[in-house]
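input-v8.txt follows (compact mmCIF, C-alpha atoms and all ligand atoms):
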```txt
# COMPACT_ATOMS: atom_id res chain seq x y z
CA MET A 594 134.42 126.24 82.05
CA THR A 595 137.27 124.68 80.12
CA TRP A 596 137.68 122.12 77.38
CA LEU A 597 137.29 118.36 77.20
CA THR A 598 140.29 116.36 75.99
CA ARG A 599 138.89 113.69 73.68
CA ALA A 600 139.44 110.17 75.04
CA GLU A 601 137.60 108.39 72.23
CA CYS A 602 136.66 108.85 68.60
CA GLY A 603 133.54 110.99 68.10
CA SER A 604 132.25 108.58 65.49
CA CYS A 605 133.19 104.98 66.36
CA GLY A 606 134.17 105.32 70.03
CA SER A 607 137.68 103.84 69.61
CA SER A 608 140.28 105.09 72.08
CA ASP A 609 143.06 104.61 69.52
CA LEU A 610 143.61 108.29 68.66
CA GLU A 611 146.87 109.40 67.03
CA LEU A 612 148.18 113.00 67.27
CA ILE A 613 148.44 114.59 63.82
CA LEU A 614 148.91 118.30 64.51
CA ASP A 615 149.57 120.39 67.62
CA LEU A 616 149.18 124.18 67.12
CA GLY A 617 149.67 125.14 70.76
CA THR A 618 146.82 127.33 72.06
CA SER A 619 144.46 129.70 70.24
CA PRO A 620 141.36 131.84 70.96
CA ILE A 621 137.87 131.05 69.67
CA ALA A 622 138.15 131.77 65.96
CA ASN A 623 134.77 133.20 65.04
CA GLU A 624 134.25 135.50 68.04
CA PHE A 625 135.41 138.97 67.01
CA PRO A 626 135.77 141.14 70.14
CA THR A 627 134.87 144.83 70.32
CA GLU A 628 138.09 145.55 72.23
CA PRO A 629 141.67 144.81 71.20
CA ASN A 630 143.82 142.17 72.78
CA ASN A 631 141.06 141.03 75.10
CA ILE A 632 142.55 137.61 75.47
CA SER A 633 143.50 136.41 78.92
CA PRO A 634 145.49 133.18 79.04
CA ALA A 635 142.28 131.53 80.29
CA ALA A 636 140.61 132.32 76.96
CA LEU A 637 143.21 130.41 74.99
CA TYR A 638 142.43 126.76 74.28
CA PRO A 639 144.64 123.90 73.09
CA LEU A 640 144.42 123.31 69.36
CA ARG A 641 145.28 119.76 68.31
CA MET A 642 144.11 117.42 65.55
CA VAL A 643 144.00 113.67 66.18
CA GLN A 644 142.96 110.81 63.92
CA CYS A 645 141.11 107.66 64.90
CA ALA A 646 143.19 104.61 63.89
CA ALA A 647 140.01 102.55 63.57
CA CYS A 648 137.65 104.63 61.36
CA LYS A 649 140.23 107.19 60.13
CA LEU A 650 138.14 110.18 61.22
CA ALA A 651 140.32 113.22 61.93
CA GLN A 652 138.98 115.33 64.74
CA ILE A 653 139.86 118.07 67.18
CA GLY A 654 141.73 116.68 70.19
CA ASP A 655 140.32 119.12 72.78
CA VAL A 656 136.64 119.99 72.51
CA VAL A 657 135.59 123.49 73.60
CA PRO A 658 131.96 123.20 74.81
CA ASP A 659 129.16 124.63 72.62
CA GLU A 660 128.18 127.03 75.43
CA LEU A 661 131.60 128.69 75.13
CA LEU A 662 132.01 128.34 71.39
CA TRP A 663 128.74 129.92 70.37
CA ARG A 664 128.28 132.35 73.31
CA GLY A 665 129.03 135.49 71.30
CA GLU A 666 127.33 136.81 68.21
CA TYR A 667 128.22 134.26 65.52
CA GLY A 668 130.22 136.27 63.01
CA TYR A 669 129.59 134.33 59.82
CA TYR A 670 126.91 135.37 57.30
CA SER A 671 127.01 133.27 54.13
CA SER A 672 125.42 135.92 51.89
CA THR A 673 128.21 138.42 52.54
CA SER A 674 130.62 136.32 50.50
CA VAL A 675 130.20 136.99 46.76
CA ALA A 676 132.05 133.78 45.98
CA LEU A 677 129.73 131.76 48.23
CA VAL A 678 126.62 133.38 46.72
CA LYS A 679 127.80 132.20 43.30
CA HIS A 680 128.52 128.74 44.68
CA MET A 681 125.11 128.35 46.33
CA LYS A 682 123.26 129.53 43.22
CA ALA A 683 124.97 126.79 41.20
CA TYR A 684 124.32 124.32 44.03
CA ALA A 685 120.56 125.02 43.95
CA THR A 686 120.50 124.62 40.18
CA ASP A 687 122.32 121.29 40.53
CA LEU A 688 119.61 119.96 42.87
CA GLY A 689 116.75 121.44 40.85
CA PRO A 690 114.54 120.27 37.96
CA THR A 691 117.07 120.99 35.18
CA ARG A 692 119.89 118.85 36.63
CA ARG A 693 119.57 116.15 39.30
CA GLN A 694 115.83 116.70 39.80
CA LEU A 695 116.31 116.00 43.49
CA VAL A 696 114.15 118.97 44.51
CA SER A 697 110.79 118.64 42.78
CA LYS A 698 107.31 120.15 43.07
CA HIS A 699 105.66 119.72 46.45
CA ASP A 700 108.83 118.18 47.92
CA LEU A 701 109.73 118.95 51.52
CA VAL A 702 113.33 120.18 51.77
CA ILE A 703 114.93 120.73 55.18
CA GLU A 704 118.27 122.56 55.41
CA VAL A 705 120.10 122.03 58.69
CA GLY A 706 122.56 124.89 59.32
CA CYS A 707 120.90 127.25 56.84
CA ASN A 708 122.77 130.32 58.23
CA ASP A 709 121.14 133.41 56.58
CA GLY A 710 119.10 131.39 54.07
CA LEU A 711 121.47 131.78 51.13
CA LEU A 712 120.86 128.32 49.65
CA MET A 713 117.18 128.31 50.64
CA ARG A 714 116.56 131.47 48.61
CA HIS A 715 118.07 129.95 45.50
CA LEU A 716 116.21 126.66 45.98
CA HIS A 717 112.95 128.65 46.12
CA GLN A 718 113.91 130.18 42.78
CA VAL A 719 114.62 126.85 41.06
CA GLU A 720 111.55 125.14 42.52
CA PRO A 721 108.94 127.61 43.85
CA ASP A 722 106.51 124.74 44.59
CA ALA A 723 108.82 122.95 47.02
CA ARG A 724 108.38 123.55 50.75
CA ILE A 725 111.74 124.59 52.22
CA VAL A 726 112.39 124.72 55.97
CA GLY A 727 115.65 125.87 57.55
CA VAL A 728 117.20 125.21 60.97
CA ASP A 729 120.05 127.22 62.50
CA PRO A 730 121.13 128.04 66.09
CA ALA A 731 122.69 131.42 65.20
CA LYS A 732 120.08 134.12 65.91
CA GLY A 733 121.70 136.80 63.73
CA PRO A 734 121.91 134.89 60.43
CA ALA A 735 118.53 133.20 61.11
CA ALA A 736 116.92 136.63 61.60
CA VAL A 737 118.20 137.68 58.17
CA ALA A 738 116.61 134.56 56.63
CA THR A 739 113.32 135.05 58.47
CA GLY A 740 113.32 138.69 57.34
CA LEU A 741 113.37 137.39 53.78
CA GLY A 742 110.20 135.41 54.47
CA LEU A 743 111.97 132.08 54.76
CA ASP A 744 110.74 129.43 57.21
CA VAL A 745 113.67 129.12 59.62
CA ARG A 746 113.59 127.50 63.06
CA VAL A 747 116.20 128.92 65.49
CA ALA A 748 117.40 125.78 67.25
CA GLU A 749 120.41 123.57 67.89
CA PHE A 750 119.80 120.56 65.64
CA SER A 751 119.65 117.21 67.46
CA ARG A 752 117.86 113.87 67.24
CA ASP A 753 115.23 115.18 69.64
CA PHE A 754 114.73 118.34 67.58
CA ALA A 755 114.44 116.18 64.45
CA ASP A 756 111.60 114.24 66.07
CA GLN A 757 109.90 117.53 67.02
CA LEU A 758 110.31 118.89 63.46
CA ILE A 759 108.94 115.65 61.95
CA GLY A 760 105.86 116.15 64.09
CA GLU A 761 105.48 119.68 62.69
CA VAL A 762 106.34 119.31 58.99
CA GLY A 763 106.84 115.57 58.33
CA ARG A 764 109.83 113.67 56.93
CA ALA A 765 111.83 115.33 54.17
CA ASP A 766 112.38 114.28 50.56
CA VAL A 767 115.70 116.14 50.68
CA VAL A 768 117.77 116.99 53.77
CA ILE A 769 120.69 119.38 53.24
CA ALA A 770 123.54 120.08 55.68
CA ASN A 771 126.44 122.20 54.40
CA ASN A 772 129.46 122.94 56.58
CA VAL A 773 127.62 121.63 59.62
CA ALA A 774 128.84 118.06 60.15
CA ALA A 775 132.28 119.47 60.98
CA HIS A 776 130.91 121.67 63.75
CA VAL A 777 128.75 119.36 65.87
CA SER A 778 129.78 118.18 69.34
CA ASP A 779 127.75 114.94 69.25
CA LEU A 780 128.23 113.40 65.79
CA ASP A 781 126.15 110.31 66.55
CA ASP A 782 123.16 112.37 67.69
CA PHE A 783 123.52 114.74 64.70
CA LEU A 784 123.73 112.05 62.01
CA SER A 785 120.97 109.99 63.66
CA GLY A 786 118.80 113.11 63.53
CA LEU A 787 119.49 113.57 59.82
CA THR A 788 118.61 109.93 59.14
CA ALA A 789 115.36 110.28 61.09
CA LEU A 790 114.40 113.40 59.12
CA LEU A 791 114.67 111.56 55.81
CA SER A 792 111.60 110.01 54.22
CA PRO A 793 112.15 106.35 53.21
CA ARG A 794 113.26 107.30 49.70
CA GLY A 795 114.73 110.65 50.72
CA THR A 796 118.24 111.92 49.92
CA LEU A 797 120.73 113.57 52.25
CA VAL A 798 123.02 116.14 50.59
CA MET A 799 125.99 117.33 52.64
CA GLU A 800 128.97 119.54 51.91
CA VAL A 801 132.00 119.22 54.16
CA GLN A 802 135.55 120.46 53.92
CA TYR A 803 137.65 117.64 52.41
CA LEU A 804 140.62 116.51 54.50
CA PRO A 805 142.81 115.36 51.56
CA ASP A 806 142.46 118.85 50.02
CA LEU A 807 143.36 120.41 53.38
CA LEU A 808 146.45 118.18 53.55
CA VAL A 809 147.57 118.79 49.96
CA GLY A 810 147.09 122.55 50.48
CA ASN A 811 148.76 122.55 53.93
CA GLY A 812 145.54 124.10 55.24
CA PHE A 813 146.45 123.78 58.91
CA ASP A 814 144.54 127.06 59.56
CA MET A 815 141.30 125.11 59.02
CA LEU A 816 141.97 123.68 62.47
CA TYR A 817 140.00 125.84 64.89
CA HIS A 818 137.67 124.99 67.75
CA GLU A 819 134.37 125.12 65.90
CA HIS A 820 135.72 122.55 63.46
CA ARG A 821 135.38 119.38 65.50
CA PHE A 822 135.68 116.92 62.59
CA PHE A 823 137.71 116.75 59.35
CA TYR A 824 136.36 114.30 56.80
CA SER A 825 137.78 112.08 54.14
CA LEU A 826 135.31 110.11 52.06
CA THR A 827 136.49 106.99 53.89
CA SER A 828 135.75 108.36 57.35
CA LEU A 829 132.51 110.07 56.32
CA SER A 830 131.24 106.91 54.61
CA ALA A 831 131.94 104.89 57.78
CA ALA A 832 130.25 107.50 59.99
CA LEU A 833 127.12 107.61 57.80
CA LEU A 834 126.89 103.82 57.45
CA ARG A 835 127.04 103.48 61.23
CA ARG A 836 123.86 105.63 61.34
CA GLY A 837 121.97 103.85 58.54
CA LEU A 838 123.03 105.95 55.55
CA VAL A 839 124.95 104.85 52.47
CA LEU A 840 126.87 107.14 50.09
CA VAL A 841 125.40 107.08 46.55
CA ASP A 842 127.32 109.92 44.92
CA VAL A 843 130.10 112.43 45.50
CA GLU A 844 131.18 115.68 43.86
CA PHE A 845 134.37 117.65 44.53
CA VAL A 846 133.79 121.40 44.96
CA GLU A 847 136.07 124.38 45.59
CA THR A 848 134.55 125.92 48.73
CA GLN A 849 136.58 126.15 51.96
CA GLY A 850 139.81 125.28 50.20
CA GLY A 851 138.30 122.08 48.79
CA SER A 852 135.15 120.28 49.88
CA ILE A 853 133.08 117.25 48.97
CA ARG A 854 129.35 117.28 48.30
CA VAL A 855 128.02 113.83 49.15
CA PHE A 856 124.64 112.27 48.49
CA ALA A 857 123.39 109.55 50.81
CA ARG A 858 120.25 107.48 51.17
CA ARG A 859 118.80 105.30 53.88
CA VAL A 860 120.27 101.79 53.89
CA ASP A 861 116.79 100.39 54.55
CA THR A 862 115.58 101.58 51.11
CA ASP A 863 116.70 100.72 47.62
CA ALA A 864 119.82 102.92 47.64
CA SER A 865 121.46 100.95 44.83
CA SER A 866 118.70 101.70 42.30
CA THR A 867 120.00 102.32 38.78
CA ALA A 868 119.38 106.04 39.25
CA TRP A 869 122.54 106.10 41.35
CA SER A 870 124.71 103.64 39.40
CA HIS A 871 127.01 106.38 38.06
CA GLY A 872 127.17 107.99 41.49
CA LEU A 873 128.08 104.72 43.18
CA LYS A 874 130.97 104.32 40.73
CA ARG A 875 132.20 107.85 41.53
CA VAL A 876 132.15 106.96 45.22
CA ALA A 877 134.09 103.73 44.60
CA ASP A 878 136.70 105.53 42.48
CA ALA A 879 137.17 108.26 45.09
CA LEU A 880 137.53 105.76 47.93
CA TRP A 881 140.18 103.88 45.95
CA SER A 882 142.10 107.12 45.27
CA GLU A 883 141.97 107.96 48.97
CA SER A 884 143.36 104.58 49.95
CA ARG A 885 146.45 105.39 47.87
CA LEU A 886 146.78 108.93 49.32
CA SER A 887 146.76 107.80 52.95
CA ASP A 888 149.88 105.64 52.28
CA GLY A 889 151.88 108.73 51.29
CA GLY A 890 152.42 110.02 54.81
CA ILE A 891 150.80 113.31 53.78
CA LEU A 892 148.92 113.27 57.08
CA THR A 893 151.92 112.56 59.32
CA GLY A 894 153.94 115.32 57.66
CA LEU A 895 151.40 118.10 58.38
CA GLN A 896 153.07 119.16 61.63
CA PHE A 897 156.45 119.57 59.93
CA ARG A 898 154.85 121.60 57.11
CA ALA A 899 152.95 123.81 59.57
CA ASP A 900 156.18 124.51 61.48
CA ARG A 901 158.06 125.35 58.29
CA ILE A 902 155.26 127.60 56.94
CA ALA A 903 155.19 129.56 60.21
CA SER A 904 158.89 130.44 60.03
CA ARG A 905 158.79 131.17 56.29
CA LEU A 906 155.70 133.39 56.56
CA ARG A 907 157.27 135.41 59.38
CA ALA A 908 160.35 135.88 57.18
CA GLU A 909 158.25 137.00 54.17
CA VAL A 910 156.21 139.51 56.21
CA ARG A 911 159.19 140.76 58.19
CA SER A 912 161.23 141.46 55.05
CA LEU A 913 158.32 143.45 53.55
CA MET A 914 158.00 145.46 56.74
CA GLN A 915 161.75 146.09 56.94
CA ALA A 916 161.48 147.47 53.40
CA GLY A 917 159.00 150.00 54.79
CA ALA A 918 155.78 148.32 53.64
CA VAL A 919 152.48 148.77 55.51
CA ILE A 920 150.77 145.36 55.56
CA ALA A 921 147.11 144.52 56.18
CA ALA A 922 145.12 141.29 56.33
CA TYR A 923 142.79 140.78 53.38
CA GLY A 924 139.73 139.17 54.94
CA ALA A 925 138.98 138.31 58.56
CA PRO A 926 137.98 134.67 58.12
CA ALA A 927 137.77 132.36 61.11
CA LYS A 928 140.83 130.49 59.82
CA ALA A 929 142.88 133.71 60.09
CA THR A 930 142.70 133.37 63.87
CA THR A 931 144.60 130.08 63.67
CA LEU A 932 146.98 131.40 60.99
CA LEU A 933 147.92 134.55 62.92
CA HIS A 934 148.29 132.81 66.28
CA TRP A 935 150.32 129.89 64.97
CA THR A 936 152.63 131.91 62.70
CA LYS A 937 152.88 134.88 65.12
CA VAL A 938 152.67 137.47 62.29
CA ALA A 939 149.93 139.58 63.93
CA PRO A 940 152.43 142.25 65.16
CA TYR A 941 153.39 142.96 61.53
CA LEU A 942 149.81 143.73 60.41
CA SER A 943 148.45 147.28 60.64
CA TRP A 944 144.75 146.38 60.16
CA ALA A 945 142.42 143.87 58.51
CA GLU A 946 139.74 144.48 55.88
CA ASP A 947 136.54 142.49 55.49
CA THR A 948 133.28 142.65 53.52
CA THR A 949 131.22 141.22 56.40
CA PRO A 950 129.39 144.12 58.11
CA ALA A 951 129.15 142.17 61.39
CA LYS A 952 132.97 141.97 61.58
CA VAL A 953 133.77 145.60 60.64
CA GLY A 954 134.81 147.70 63.65
CA ARG A 955 135.78 144.68 65.72
CA PHE A 956 139.20 143.08 66.25
CA MET A 957 140.78 139.85 65.06
CA PRO A 958 140.47 137.45 68.03
CA GLY A 959 143.32 137.79 70.51
CA THR A 960 145.05 140.61 68.62
CA SER A 961 144.94 144.40 68.36
CA ILE A 962 144.25 144.17 64.63
CA HIS A 963 141.26 146.39 63.87
CA ILE A 964 138.88 145.19 61.14
CA ARG A 965 138.00 147.88 58.59
CA GLU A 966 135.48 147.78 55.79
CA ASP A 967 136.64 146.53 52.43
CA SER A 968 138.69 149.40 50.94
CA PHE A 969 138.37 148.12 47.38
CA LEU A 970 136.70 151.38 46.37
CA ARG A 971 138.64 153.73 48.62
CA ASP A 972 142.13 155.19 48.92
CA GLY A 973 144.39 154.57 51.89
CA ARG A 974 145.36 151.12 50.81
CA PRO A 975 148.34 149.28 52.35
CA ASP A 976 151.50 148.48 50.41
CA ALA A 977 150.79 144.77 50.81
CA TYR A 978 148.06 142.36 51.94
CA LEU A 979 148.42 139.05 53.73
CA LEU A 980 145.73 137.05 51.93
CA THR A 981 144.13 135.37 54.94
CA ALA A 982 141.06 134.51 52.81
CA TRP A 983 143.37 132.45 50.58
CA ASN A 984 140.57 130.08 49.59
CA TYR A 985 139.14 132.90 47.45
CA ALA A 986 142.53 133.80 45.90
CA PRO A 987 141.51 133.57 42.21
CA TYR A 988 138.44 135.74 42.78
CA ILE A 989 140.26 138.27 44.99
CA LEU A 990 143.38 138.61 42.81
CA ALA A 991 141.15 139.21 39.78
CA LYS A 992 139.10 141.76 41.70
CA GLU A 993 142.31 143.53 42.84
CA ARG A 994 144.12 143.56 39.49
CA ASN A 995 144.34 147.38 39.47
CA TYR A 996 145.80 147.42 43.00
CA ILE A 997 148.41 144.87 41.85
CA ALA A 998 149.07 146.74 38.59
CA ASN A 999 149.82 149.84 40.70
CA GLY A 1000 152.45 147.98 42.72
CA GLY A 1001 150.29 146.46 45.44
CA ARG A 1002 151.61 143.14 46.80
CA PHE A 1003 149.85 140.03 48.05
CA VAL A 1004 151.44 137.51 50.41
CA LEU A 1005 149.76 134.13 49.95
CA PRO A 1006 150.35 132.08 53.12
CA LEU A 1007 149.37 128.64 51.76
CA PRO A 1008 150.15 126.08 50.43
CA SER A 1009 153.55 127.72 50.95
CA PRO A 1010 154.26 131.42 51.63
CA ILE A 1011 154.87 133.44 48.46
CA THR A 1012 154.74 137.19 47.79
CA LEU A 1013 153.13 138.24 44.49
O1 LIG B 1101 132.71 126.33 58.21
C1 LIG B 1101 132.75 127.58 58.17
C2 LIG B 1101 132.91 128.29 56.89
C3 LIG B 1101 131.82 127.76 55.96
O2 LIG B 1101 132.76 129.67 56.99
C4 LIG B 1101 132.69 128.30 59.39
N1 LIG B 1101 133.67 127.59 60.24
C5 LIG B 1101 132.98 129.75 59.39
C6 LIG B 1101 133.40 130.28 58.07
O3 LIG B 1101 134.78 130.12 57.91
P1 LIG B 1101 135.61 131.36 57.32
O4 LIG B 1101 135.32 132.59 58.13
O5 LIG B 1101 137.00 130.95 57.13
O6 LIG B 1101 134.83 131.51 55.91
P2 LIG B 1101 135.26 132.22 54.60
O7 LIG B 1101 134.04 132.34 53.75
O8 LIG B 1101 136.43 131.56 54.00
O9 LIG B 1101 135.67 133.70 55.07
C7 LIG B 1101 136.11 134.62 54.11
C8 LIG B 1101 136.19 135.95 54.82
O10 LIG B 1101 136.81 136.87 53.94
C9 LIG B 1101 134.80 136.48 55.14
O11 LIG B 1101 134.80 137.13 56.39
C10 LIG B 1101 134.56 137.47 54.01
C11 LIG B 1101 135.94 137.96 53.68
N2 LIG B 1101 136.10 138.36 52.29
C12 LIG B 1101 136.51 139.65 52.03
O12 LIG B 1101 136.72 140.44 52.95
N3 LIG B 1101 136.66 140.03 50.72
C13 LIG B 1101 135.87 137.43 51.31
C14 LIG B 1101 136.04 137.82 49.99
C15 LIG B 1101 135.79 136.84 48.87
C16 LIG B 1101 136.44 139.17 49.69
O13 LIG B 1101 136.60 139.55 48.52
```
Would you encode the structure as structure tokens?
Amino acid sequence: MTWLTRAECGSCGSSDLELILDLGTSPIANEFPTEPNNISPAALYPLRMVQCAACKLAQIGDVVPDELLWRGEYGYYSSTSVALVKHMKAYATDLGPTRRQLVSKHDLVIEVGCNDGLLMRHLHQVEPDARIVGVDPAKGPAAVATGLGLDVRVAEFSRDFADQLIGEVGRADVVIANNVAAHVSDLDDFLSGLTALLSPRGTLVMEVQYLPDLLVGNGFDMLYHEHRFFYSLTSLSAALLRRGLVLVDVEFVETQGGSIRVFARRVDTDASSTAWSHGLKRVADALWSESRLSDGGILTGLQFRADRIASRLRAEVRSLMQAGAVIAAYGAPAKATTLLHWTKVAPYLSWAEDTTPAKVGRFMPGTSIHIREDSFLRDGRPDAYLLTAWNYAPYILAKERNYIANGGRFVLPLPSPITL
């Protein structure tokens, strides 16, 4: 089974797709093998980003089928990231009775892509009288959530599954989908399913990685095969409207190198009620700002910046190694697969360290880099780390202040390689 080269936009169907970024070939990013270097050429897939000239949605140019993408044990568990735990706790509070009052007593909340139930747990804490149901296709994370007593359905979300779920629990007052809309193969079916799940006056809350932040931060490593779509507010608004949803508010959050949290309601209800007047203005302001950004050529220059970063990062890492340094990767995030394969710095890394138990003992995809447990509390530390989990840099550099004070170095790959 191979990949499908996209002939039309996954949202509006236009065939006017422009190449933005070509990163050659790369393995599946979130599948951490138990053996080193297990990549045959057949297991490498083209990695390109294209943008639809009609609706401006950026998307992966060659779609690896779900059956291949999710065949292994999905390696991502939200609750293993301290930074994400903090983020989701604040997120739940924001939706709860003391802030937006979106999740109220006896409400039905459905989270699509609930992973290991991290947000669900915190929503239960802020509103114990709400009914919260999760959906996720990954058996491992879903089993963790179920083990915590959470109501999680192990299933691939679709319009058909939405209809089945409505029959079981009814339509939701709040539907949540964080870091999911980027991953789906059929965007129309996915968004139509979310719309169907919503009660007439319900609210959809979605977090997605924000393309302008990716561009400003040169985050080319966010391009990997499970990320099928890359959203601006302009393209997301058009995609939602096409499926009967209108944006009523937007917040900018730090996760994943910069994301947006959008709030949307069904067009066939009173979405413009005064309750959302401030939110509607925030949406209008953000759309205007985006219209100015897209004229700056920041999108068309991404390929040049990715090329330049690759050569500069190799130079930074090579010079450290030539000075006798032992270098390790700090974090084994999915994006590190793209970073290592595009920049070709894997041969300079002695090992990787990660706090995710499911990743420890395995290898970075397509490399012989062994993943060890987080050595924060142990000796045997390297002379330098390549900070592959750069999106958590403030948290990690603060956590590692003693390592740095004792001469430890960090190489930050993005937005431009620099050794601290
Ligand atoms: O959309 C997705 C996002 C939400 O999460 C999925 N495509 C898969 C995944 O992407 P990722 O693997 O790049 O996510 P993270 O959360 O940026 O990965 C950070 C990695 O770094 C994790 O494996 C945990 C690790 N880590 C660590 O070892 N020490 C993280 C921190 C903060 C640390 O101190």
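Residues surrounding stretch 749-760 of chain A within 7 Å are Asp729, Pro730, Val762, Gly763, Arg764, Asp782, Phe783, Ser785, Gly786, Ala789 and Leu790 of chain A [only C-alpha atoms; sequence separation below 2 positions excluded].
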Per-residue nearest contacts of stretch 861-955 of chain A to stretch 613-628 of chain A (12 Å; all atoms listed in the file) as a tab-separated table:
```
residue	atom	partner	partner_atom	distance
A:Gly890	CA	A:Ile613	CA	10.9
A:Ile891	CA	A:Ile613	CA	10.4
A:Leu892	CA	A:Ile613	CA	6.9
A:Thr893	CA	A:Ile613	CA	6.0
A:Gly894	CA	A:Ile613	CA	8.3
A:Leu895	CA	A:Leu614	CA	6.6
A:Gln896	CA	A:Leu614	CA	5.1
A:Phe897	CA	A:Leu614	CA	8.9
A:Arg898	CA	A:Leu614	CA	10.0
A:Ala899	CA	A:Leu614	CA	8.4
A:Asp900	CA	A:Leu616	CA	9.0
A:Ala903	CA	A:Leu616	CA	10.6
A:Ala925	CA	A:Phe625	CA	9.2
A:Pro926	CA	A:Asn623	CA	7.8
A:Ala927	CA	A:Ala622	CA	4.9
A:Lys928	CA	A:Ala622	CA	6.8
A:Ala929	CA	A:Ala622	CA	7.8
A:Thr930	CA	A:Ala622	CA	5.3
A:Thr931	CA	A:Ser619	CA	6.6
A:Leu932	CA	A:Leu616	CA	9.7
A:Leu933	CA	A:Ser619	CA	9.4
A:His934	CA	A:Ser619	CA	6.3
A:Trp935	CA	A:Leu616	CA	6.2
A:Thr936	CA	A:Leu616	CA	9.5
A:Lys937	CA	A:Ser619	CA	11.1
A:Thr949	CA	A:Phe625	CA	11.6
A:Pro950	CA	A:Phe625	CA	11.9
A:Ala951	CA	A:Phe625	CA	9.0
A:Lys952	CA	A:Phe625	CA	6.7
A:Val953	CA	A:Phe625	CA	9.3
A:Gly954	CA	A:Thr627	CA	7.3
A:Arg955	CA	A:Thr627	CA	4.7
```
So which residues are close to (131.8, 108.8, 40.6), meaning at most 12 Å away in the file's coordinates with all atoms listed in the file counted, and can you show them as a list in words?
Leu840, Val841, Asp842, Val843, Glu844, Phe845, Ile853, Arg854, Val855, Phe856, Trp869, Ser870, His871, Gly872, Leu873, Lys874, Arg875, Val876, Ala877, Asp878, Ala879, Leu880, Trp881 and Ser882 of chain A
Could you pull the residues within 8 Å of A:Glu666, counting only C-alpha atoms, minus those fewer than 2 positions along the same chain, as a ChimeraX atom specification?
/A:624,663-664,668,731,733
Convert the current residue selection to file output with C-alpha atoms, as a PDB file, keeping the file's coordinate frame.
```pdb
ATOM      1  CA  GLU A 624     134.250 135.500  68.040  1.00  0.00           C
ATOM      2  CA  TRP A 663     128.740 129.920  70.370  1.00  0.00           C
ATOM      3  CA  ARG A 664     128.280 132.350  73.310  1.00  0.00           C
ATOM      4  CA  GLY A 668     130.220 136.270  63.010  1.00  0.00           C
ATOM      5  CA  ALA A 731     122.690 131.420  65.200  1.00  0.00           C
ATOM      6  CA  GLY A 733     121.700 136.800  63.730  1.00  0.00           C
TER       7      GLY A 733
END
```
Within 7 Å of ligand LIG 1101 (chain B) (all atoms listed in the file), residues as JSON, numbers by chain
{"A": [623, 669, 673, 674, 675, 676, 772, 819, 820, 849, 923, 924, 925, 926, 927, 928, 946, 947, 948, 949, 967, 982, 984, 985, 988, 989]}
How would the residues just chosen look if you wrote them out with C-alpha atoms as a short mmCIF file (atom, residue, chain, number, x, y, z; two decimals), keeping the file's coordinate frame?
```cif
data_model
loop_
_atom_site.label_atom_id
_atom_site.label_comp_id
_atom_site.auth_asym_id
_atom_site.auth_seq_id
_atom_site.Cartn_x
_atom_site.Cartn_y
_atom_site.Cartn_z
CA ASN A 623 134.77 133.20 65.04
CA TYR A 669 129.59 134.33 59.82
CA THR A 673 128.21 138.42 52.54
CA SER A 674 130.62 136.32 50.50
CA VAL A 675 130.20 136.99 46.76
CA ALA A 676 132.05 133.78 45.98
CA ASN A 772 129.46 122.94 56.58
CA GLU A 819 134.37 125.12 65.90
CA HIS A 820 135.72 122.55 63.46
CA GLN A 849 136.58 126.15 51.96
CA TYR A 923 142.79 140.78 53.38
CA GLY A 924 139.73 139.17 54.94
CA ALA A 925 138.98 138.31 58.56
CA PRO A 926 137.98 134.67 58.12
CA ALA A 927 137.77 132.36 61.11
CA LYS A 928 140.83 130.49 59.82
CA GLU A 946 139.74 144.48 55.88
CA ASP A 947 136.54 142.49 55.49
CA THR A 948 133.28 142.65 53.52
CA THR A 949 131.22 141.22 56.40
CA ASP A 967 136.64 146.53 52.43
CA ALA A 982 141.06 134.51 52.81
CA ASN A 984 140.57 130.08 49.59
CA TYR A 985 139.14 132.90 47.45
CA TYR A 988 138.44 135.74 42.78
CA ILE A 989 140.26 138.27 44.99
#
```
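Atom CA of A:Leu711 lies 8.4 Å from atom CA of A:Lys682.
Of the listed residues (A:Val801, A:Leu826, A:Leu816, A:Ala775), A:Leu816 comes nearest to A:Pro639; the distances count only C-alpha atoms.
The list of residues with at least one atom within 10 Å of A:Val938, based on all atoms listed in the file and without residues fewer than 6 positions apart in the same chain, reads A:Ala903, A:Ser904, A:Leu906, A:Arg907, A:Ala908, A:Glu909, A:Val910, A:Arg911, A:Leu932, A:Leu979.
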Selected residue of minimal separation from A:Val860 among A:Ala998, A:Leu797, A:Ala600, A:Ala921, counting all atoms listed in the file
A:Leu797
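Separating atom CA of A:Asp779 from atom CA of A:Ser792 is a distance of 22.6 Å.
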Any idea what the distance is between atom CA of A:Cys707 and atom CA of A:Gly727?
5.5 Å
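In terms of minimum interatomic distance to A:Glu883, A:Asp806 ranks closest within A:Glu847, A:Asp806, A:Asp609, A:Glu966, counting all atoms listed in the file.
Residues within 9 Å of A:Glu720, counting all atoms listed in the file and excluding same-chain residues fewer than 5 positions away, are Gly689, Pro690, Val696, Ser697, Lys698, His699 and His715 of chain A.
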Write the residues of the preceding selection, restricted to C-alpha atoms, as a PDB file, keeping the file's coordinate frame.
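Saved as again.pdb:
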```
ATOM      1  CA  GLY A 689     116.750 121.440  40.850  1.00  0.00           C
ATOM      2  CA  PRO A 690     114.540 120.270  37.960  1.00  0.00           C
ATOM      3  CA  VAL A 696     114.150 118.970  44.510  1.00  0.00           C
ATOM      4  CA  SER A 697     110.790 118.640  42.780  1.00  0.00           C
ATOM      5  CA  LYS A 698     107.310 120.150  43.070  1.00  0.00           C
ATOM      6  CA  HIS A 699     105.660 119.720  46.450  1.00  0.00           C
ATOM      7  CA  HIS A 715     118.070 129.950  45.500  1.00  0.00           C
TER       8      HIS A 715
END
```
